[in-house]
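What follows is input-v4.cif (mmCIF, C-alpha atoms).
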```cif
data_work
#
loop_
_atom_site.label_atom_id
_atom_site.label_comp_id
_atom_site.auth_asym_id
_atom_site.auth_seq_id
_atom_site.Cartn_x
_atom_site.Cartn_y
_atom_site.Cartn_z
CA MET P 1 -12.13 -15.82 2.44
CA ALA P 2 -11.60 -17.95 5.51
CA ASP P 3 -14.14 -17.65 8.31
CA ALA P 4 -11.37 -16.97 10.80
CA THR P 5 -11.06 -13.44 9.47
CA ARG P 6 -14.62 -12.52 10.36
CA ASP P 7 -13.80 -11.15 13.77
CA ILE P 8 -11.93 -8.21 12.27
CA ALA P 9 -14.62 -5.63 12.71
CA THR P 10 -13.72 -2.47 10.89
CA ALA P 11 -16.91 -0.53 11.23
CA PRO P 12 -17.64 1.74 8.25
CA GLU P 13 -17.48 4.82 10.47
CA GLN P 14 -13.91 4.02 11.52
CA ALA P 15 -11.43 6.11 9.57
CA ALA P 16 -9.44 4.00 7.15
CA LEU P 17 -7.01 4.40 4.30
CA VAL P 18 -8.27 3.87 0.77
CA PRO P 19 -5.95 1.39 -0.89
CA PRO P 20 -5.05 2.09 -4.54
CA VAL P 21 -6.37 -0.56 -6.92
CA ASP P 22 -6.03 -1.75 -10.50
CA VAL P 23 -9.13 -3.31 -12.02
CA LEU P 24 -8.84 -5.39 -15.18
CA GLU P 25 -11.28 -7.34 -17.24
CA ASP P 26 -10.88 -10.17 -19.68
CA ARG P 27 -13.17 -12.88 -21.07
CA THR P 28 -13.19 -14.86 -17.84
CA GLY P 29 -13.96 -12.09 -15.41
CA ILE P 30 -12.66 -9.19 -13.37
CA THR P 31 -9.29 -9.11 -11.67
CA LEU P 32 -8.64 -6.57 -8.94
CA TYR P 33 -5.25 -5.81 -7.43
CA ALA P 34 -5.13 -3.78 -4.21
CA ASP P 35 -2.05 -2.45 -2.42
CA LEU P 36 -2.35 -3.35 1.26
CA PRO P 37 1.15 -3.03 2.68
CA GLY P 38 1.52 -4.26 6.25
CA VAL P 39 -1.41 -6.66 6.04
CA SER P 40 -1.05 -10.39 6.65
CA LYS P 41 -3.57 -13.03 5.59
CA GLU P 42 -5.03 -13.23 9.09
CA ARG P 43 -5.92 -9.54 9.11
CA LEU P 44 -7.56 -9.40 5.71
CA ASN P 45 -11.31 -9.62 5.30
CA VAL P 46 -12.85 -9.77 1.84
CA HIS P 47 -16.56 -10.34 1.67
CA ILE P 48 -19.67 -9.64 -0.37
CA GLU P 49 -22.78 -8.01 1.01
CA GLY P 50 -25.52 -8.27 -1.58
CA ASP P 51 -23.89 -6.91 -4.71
CA VAL P 52 -21.23 -4.96 -2.82
CA LEU P 53 -17.66 -6.15 -2.52
CA VAL P 54 -15.98 -5.05 0.72
CA ILE P 55 -12.24 -5.17 1.30
CA GLU P 56 -11.18 -4.53 4.89
CA ALA P 57 -7.76 -5.04 6.36
CA GLU P 58 -5.64 -4.11 9.32
CA MET P 59 -1.92 -3.60 9.47
CA GLY P 60 0.06 -5.64 11.92
CA LEU P 61 3.37 -3.85 12.15
CA GLU P 62 5.76 -4.64 14.92
CA MET P 63 7.12 -1.43 16.37
CA PRO P 64 9.64 -0.75 19.10
CA LYS P 65 7.99 0.43 22.31
CA ASP P 66 9.69 3.74 23.03
CA MET P 67 9.33 5.01 19.49
CA GLU P 68 8.64 8.64 18.66
CA ALA P 69 7.31 9.42 15.19
CA THR P 70 9.17 12.14 13.32
CA HIS P 71 7.59 11.88 9.86
CA ILE P 72 4.29 10.15 9.15
CA GLU P 73 2.71 9.51 5.76
CA VAL P 74 0.70 6.43 6.67
CA ASN P 75 -1.35 7.65 9.59
CA LEU P 76 -4.01 4.98 9.99
CA PRO P 77 -3.55 1.27 10.67
CA ARG P 78 -6.41 0.01 8.51
CA TYR P 79 -7.74 -0.08 4.97
CA ARG P 80 -11.24 -0.18 3.63
CA ARG P 81 -12.64 -0.05 0.13
CA VAL P 82 -16.00 -0.93 -1.32
CA PHE P 83 -17.09 -1.70 -4.88
CA THR P 84 -20.45 -2.43 -6.42
CA LEU P 85 -20.42 -5.57 -8.52
CA SER P 86 -22.37 -5.86 -11.73
CA LYS P 87 -24.86 -8.57 -12.57
CA ASP P 88 -22.59 -10.38 -14.97
CA LEU P 89 -20.22 -11.35 -12.16
CA ASP P 90 -20.57 -14.45 -10.01
CA PRO P 91 -19.69 -13.55 -6.40
CA GLY P 92 -19.75 -17.24 -5.54
CA ARG P 93 -16.71 -17.79 -7.72
CA MET P 94 -14.05 -15.55 -6.32
CA GLN P 95 -10.40 -16.36 -5.71
CA ALA P 96 -8.24 -14.22 -3.46
CA GLU P 97 -4.51 -14.30 -3.01
CA LEU P 98 -2.35 -12.06 -0.81
CA LYS P 99 1.35 -11.79 -1.54
CA GLN P 100 3.77 -9.25 -0.05
CA GLY P 101 0.97 -6.82 0.70
CA VAL P 102 -0.76 -7.08 -2.67
CA LEU P 103 -4.24 -8.59 -2.85
CA LYS P 104 -5.19 -10.24 -6.12
CA LEU P 105 -8.88 -10.91 -6.43
CA HIS P 106 -10.48 -12.64 -9.37
CA ILE P 107 -14.23 -12.76 -9.82
CA ASP P 108 -15.55 -15.00 -12.57
CA LYS P 109 -18.27 -13.95 -14.92
CA VAL P 110 -21.44 -15.99 -14.73
CA GLU P 111 -21.42 -18.58 -17.48
CA ARG P 112 -24.11 -17.02 -19.63
CA ALA P 113 -22.45 -13.62 -19.37
CA ARG P 114 -19.37 -14.72 -21.27
CA PRO P 115 -19.14 -12.57 -24.36
CA LYS P 116 -21.13 -13.70 -27.31
CA ARG P 117 -20.59 -11.98 -30.54
CA ILE P 118 -23.76 -10.52 -31.89
CA GLU P 119 -24.22 -11.09 -35.56
CA ILE P 120 -25.21 -8.09 -37.56
CA SER P 121 -27.23 -8.92 -40.59
CA SER P 122 -27.11 -6.71 -43.56
CA GLY P 123 -29.94 -6.28 -45.93
CA MET D 1 -5.89 12.00 -13.34
CA ASP D 2 -7.77 9.17 -14.94
CA TYR D 3 -11.50 8.78 -14.86
CA SER D 4 -13.48 5.68 -15.62
CA LEU D 5 -17.06 4.60 -15.78
CA PHE D 6 -16.50 1.65 -13.47
CA PRO D 7 -18.33 2.23 -10.17
CA ARG D 8 -15.83 3.44 -7.65
CA ASP D 9 -15.25 5.03 -4.32
CA LEU D 10 -15.76 8.78 -4.05
CA PHE D 11 -13.30 8.87 -1.16
CA ALA D 12 -10.51 7.72 -3.45
CA GLU D 13 -11.11 10.79 -5.60
CA LEU D 14 -11.20 13.06 -2.54
CA ASP D 15 -8.00 11.47 -1.30
CA ARG D 16 -6.29 12.23 -4.59
CA LEU D 17 -7.67 15.76 -4.64
CA GLN D 18 -6.43 16.36 -1.12
CA ARG D 19 -2.97 15.16 -2.13
CA GLN D 20 -2.90 17.54 -5.08
CA VAL D 21 -4.02 20.48 -2.98
CA GLN D 22 -1.44 19.61 -0.36
CA GLN D 23 1.29 19.58 -2.98
CA ALA D 24 0.20 22.89 -4.43
CA PHE D 25 0.35 24.66 -1.08
CA GLU D 26 3.58 23.32 0.30
CA PHE D 27 5.70 26.47 0.54
CA SER D 28 9.21 25.14 0.48
CA PRO D 29 9.23 21.57 -0.71
CA SER D 30 12.38 19.51 -0.50
CA ILE D 31 14.74 19.80 -3.48
CA ARG D 32 13.96 16.17 -4.28
CA GLY D 33 10.27 16.94 -4.67
CA PHE D 34 7.21 16.76 -2.52
CA THR D 35 7.53 14.92 0.71
CA ARG D 36 4.12 13.30 0.61
CA GLY D 37 2.33 11.20 -1.94
CA GLY D 38 5.42 9.50 -3.33
CA PHE D 39 6.06 5.80 -3.66
CA PRO D 40 6.78 4.18 -1.34
CA ALA D 41 5.02 6.04 1.48
CA LEU D 42 7.39 6.49 4.41
CA ASN D 43 7.01 6.59 8.17
CA VAL D 44 10.07 7.62 10.13
CA ALA D 45 10.46 7.32 13.87
CA SER D 46 13.23 7.43 16.38
CA THR D 47 14.05 5.72 19.64
CA PRO D 48 16.93 6.61 21.99
CA GLN D 49 18.92 3.71 20.46
CA SER D 50 17.91 3.79 16.82
CA ALA D 51 16.15 5.32 13.85
CA GLU D 52 13.27 3.28 12.44
CA ILE D 53 12.09 3.71 8.85
CA TYR D 54 9.05 1.98 7.40
CA ALA D 55 8.58 2.05 3.63
CA PHE D 56 5.18 0.89 2.40
CA ALA D 57 6.23 -0.78 -0.84
CA PRO D 58 3.99 -3.76 -1.56
CA GLY D 59 4.51 -6.39 -4.21
CA LEU D 60 8.28 -6.26 -4.57
CA ASP D 61 10.95 -8.89 -4.66
CA PRO D 62 13.08 -8.11 -1.57
CA ALA D 63 16.26 -8.79 -3.57
CA SER D 64 15.37 -6.01 -6.00
CA ILE D 65 15.07 -3.26 -3.37
CA HIS D 66 18.14 -1.07 -3.18
CA VAL D 67 18.74 0.45 0.25
CA GLN D 68 21.71 2.68 0.86
CA LEU D 69 22.87 4.79 3.78
CA GLU D 70 25.44 7.46 3.18
CA ARG D 71 26.33 10.39 5.43
CA GLY D 72 23.09 10.15 7.35
CA VAL D 73 20.98 10.04 4.21
CA LEU D 74 18.98 6.90 3.54
CA SER D 75 17.92 6.15 0.00
CA ILE D 76 15.46 3.48 -1.07
CA SER D 77 15.07 2.67 -4.74
CA GLY D 78 13.85 -0.02 -7.07
CA ASP D 79 11.56 -0.86 -9.90
CA ARG D 80 7.96 -1.99 -9.52
CA GLN D 81 6.76 -3.99 -12.47
CA VAL D 82 3.03 -4.07 -12.96
CA GLN D 83 2.08 -6.13 -15.99
CA HIS D 84 -1.47 -6.62 -17.00
CA GLY D 85 -1.10 -8.49 -20.26
CA ASP D 86 -3.82 -7.82 -22.77
CA ALA D 87 -6.72 -7.48 -20.33
CA SER D 88 -8.61 -4.22 -20.57
CA VAL D 89 -7.99 -1.79 -17.74
CA HIS D 90 -10.91 -0.14 -15.92
CA VAL D 91 -9.02 1.43 -13.04
CA ARG D 92 -5.30 2.04 -12.73
CA GLU D 93 -4.24 3.68 -9.50
CA ARG D 94 -1.31 1.59 -8.30
CA PHE D 95 2.19 2.87 -8.73
CA ALA D 96 4.25 1.31 -11.52
CA GLY D 97 7.80 1.96 -12.63
CA ARG D 98 11.05 3.04 -11.06
CA PHE D 99 11.03 4.69 -7.67
CA HIS D 100 13.57 6.43 -5.50
CA ARG D 101 12.98 8.04 -2.14
CA VAL D 102 15.48 9.73 0.11
CA VAL D 103 15.26 10.51 3.82
CA ALA D 104 17.70 12.72 5.69
CA LEU D 105 18.34 11.24 9.12
CA SER D 106 20.31 12.50 12.07
CA ASP D 107 24.13 12.44 12.06
CA ASP D 108 24.59 10.15 15.03
CA LEU D 109 23.73 6.91 13.22
CA ASP D 110 26.06 3.98 12.82
CA ALA D 111 26.20 2.99 9.14
CA ASP D 112 27.58 -0.42 10.12
CA GLN D 113 24.59 -1.34 12.22
CA VAL D 114 21.68 -1.40 9.83
CA ARG D 115 19.02 -4.07 9.62
CA ALA D 116 16.53 -4.20 6.76
CA ASN D 117 13.59 -6.55 6.68
CA TYR D 118 10.80 -6.86 4.09
CA ARG D 119 7.53 -8.38 5.24
CA ASP D 120 3.93 -8.14 4.01
CA GLY D 121 5.04 -5.44 1.58
CA VAL D 122 6.61 -3.19 4.20
CA LEU D 123 10.35 -2.55 4.25
CA HIS D 124 11.54 -1.88 7.79
CA VAL D 125 15.01 -0.38 8.14
CA SER D 126 16.42 -0.07 11.64
CA ILE D 127 19.64 1.87 12.14
CA GLN D 128 21.41 1.91 15.49
CA ARG D 129 22.82 5.13 16.90
CA GLN D 130 26.53 5.33 17.59
CA GLN D 131 27.40 4.22 21.09
CA ALA D 132 28.66 7.68 22.07
CA ALA D 133 25.38 9.27 21.03
CA GLN D 134 23.16 7.06 23.16
CA PRO D 135 21.83 8.63 26.34
CA ARG D 136 23.72 7.48 29.39
CA ARG D 137 22.84 8.12 32.96
CA ILE D 138 25.56 10.01 34.77
CA GLN D 139 26.22 9.00 38.30
CA VAL D 140 26.07 11.89 40.80
CA ASN D 141 28.38 11.41 43.78
#
```

Could the structure of this file be written out as structure tokens, please?
Amino acid sequence: MADATRDIATAPEQAALVPPVDVLEDRTGITLYADLPGVSKERLNVHIEGDVLVIEAEMGLEMPKDMEATHIEVNLPRYRRVFTLSKDLDPGRMQAELKQGVLKLHIDKVERARPKRIEISSG
Amino acid sequence: MDYSLFPRDLFAELDRLQRQVQQAFEFSPSIRGFTRGGFPALNVASTPQSAEIYAFAPGLDPASIHVQLERGVLSISGDRQVQHGDASVHVRERFAGRFHRVVALSDDLDADQVRANYRDGVLHVSIQRQQAAQPRRIQVN
């Protein structure tokens, strides 16, 4: 992701919501969708530390000043979720797209990890 | 509950477990079901001039969200299509399908003064209170 997002420091010890995700796989790689409602591009930070994928984001909701909450289901303003990547994925080839609060992340498989059918000989 | 061998976050499982426990112990849930854990998640707040409702409903087309206010009851409904083609699925946690959530609000709201705005996957509905219901300072002579 863009370097401008680096200053969003959501320390691991800070309480955060765990966004629900869908993880899919096809020949080309892994696609991850994460629900991050309330997050704009500027407040999203996706990065890789070693073989760990970290998704951190903060909500930027505009709220009236003299507001008093009467029913709260979303009680934290940030998200955090971490995944361990496997060796067949190439963290250098990752595309991220954020649209209406849904992050779509595609990580390519390394070239040699593309499926190769193993011949079974009979005899 | 679905399990998978893909490495994942333990906290997600705890979160789900907590939700299930919460649902099991709610003594008198609303007739429309459990108040928490539904889609979209709702935050409701009030100001002296208005009621503010935030629905956390990411990935929708704003035109497809149905918002209705009738007799102080706000209903939000729609259909969330999640299509994954023929890729194999390792984890599926996101909500998919039709949804409908209802919030009972106070009686002093003006059904003609409603603003709804969808941004970054959050639907924000702001409903003004009727003029007569707004606090007014009374002059003491």

Where does the PyMOL selection byres ((chain P) within 7 of (chain D)) land in this file, that is, which residues does it pick, as a PyMOL selection string?
-> chain P and resi 18+20-26+35-40+66-74+82-84+99-102

What does the distance between atom CA of D:Val125 and atom CA of P:Arg80 come to in Å, to one decimal place?
-> 26.6 Å

Once the PyMOL selection byres ((chain D and resi 130) around 10) has been applied to the shown file, what residues remain in the selection, as a JSON list (two decimals) with C-alpha atoms, in the coordinates of the input?
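For reference, result17.json as written:
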```json
[["chain", "number", "residue", "atom", "x", "y", "z"],
["D", 49, "GLN", "CA", 18.92, 3.71, 20.46],
["D", 50, "SER", "CA", 17.91, 3.79, 16.82],
["D", 107, "ASP", "CA", 24.13, 12.44, 12.06],
["D", 108, "ASP", "CA", 24.59, 10.15, 15.03],
["D", 109, "LEU", "CA", 23.73, 6.91, 13.22],
["D", 110, "ASP", "CA", 26.06, 3.98, 12.82],
["D", 111, "ALA", "CA", 26.20, 2.99, 9.14],
["D", 112, "ASP", "CA", 27.58, -0.42, 10.12],
["D", 113, "GLN", "CA", 24.59, -1.34, 12.22],
["D", 127, "ILE", "CA", 19.64, 1.87, 12.14],
["D", 128, "GLN", "CA", 21.41, 1.91, 15.49],
["D", 129, "ARG", "CA", 22.82, 5.13, 16.90],
["D", 131, "GLN", "CA", 27.40, 4.22, 21.09],
["D", 132, "ALA", "CA", 28.66, 7.68, 22.07],
["D", 133, "ALA", "CA", 25.38, 9.27, 21.03],
["D", 134, "GLN", "CA", 23.16, 7.06, 23.16]]
```

Could you tell me how far atom CA of P:Ala15 lies from atom CA of D:Gln18, in Å and to one decimal?
-> 15.6 Å

Separation of atom CA of P:Arg43 from atom CA of P:Pro77 in Å |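 Interatomic distance, atom CA of P:Pro77 to atom CA of P:Arg43: 11.2 Å.
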
Could you expand the PyMOL selection byres ((chain P and resi 52-58) around 10) into the explicit residues it covers here, written as a VMD selection string?
-> chain P and resid 5 8 to 12 16 to 19 34 36 to 51 59 to 61 76 to 86 91 103

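Considering the residues D:Ala104, D:Arg16, D:Arg115, D:Ala96 and counting all atoms listed in the file, D:Ser75 has its shortest atom-to-atom contact with D:Ala104.
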
Scan for residues within 10 Å of the point (7.4, -0.8, -14.3) in the coordinates of the file, using all atoms listed in the file, and reply as a list in words.
->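 Output: Gly78, Asp79, Arg80, Gln81, Val82, Gln83, Phe95, Ala96, Gly97, Arg98 and Phe99 of chain D.
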
Closest of D:Gln139, D:Ser106, D:Ala116, D:Ser126 to D:His66 - atom-to-atom distances counting all atoms listed in the file |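 Selected residue with least distance to D:His66: D:Ala116.
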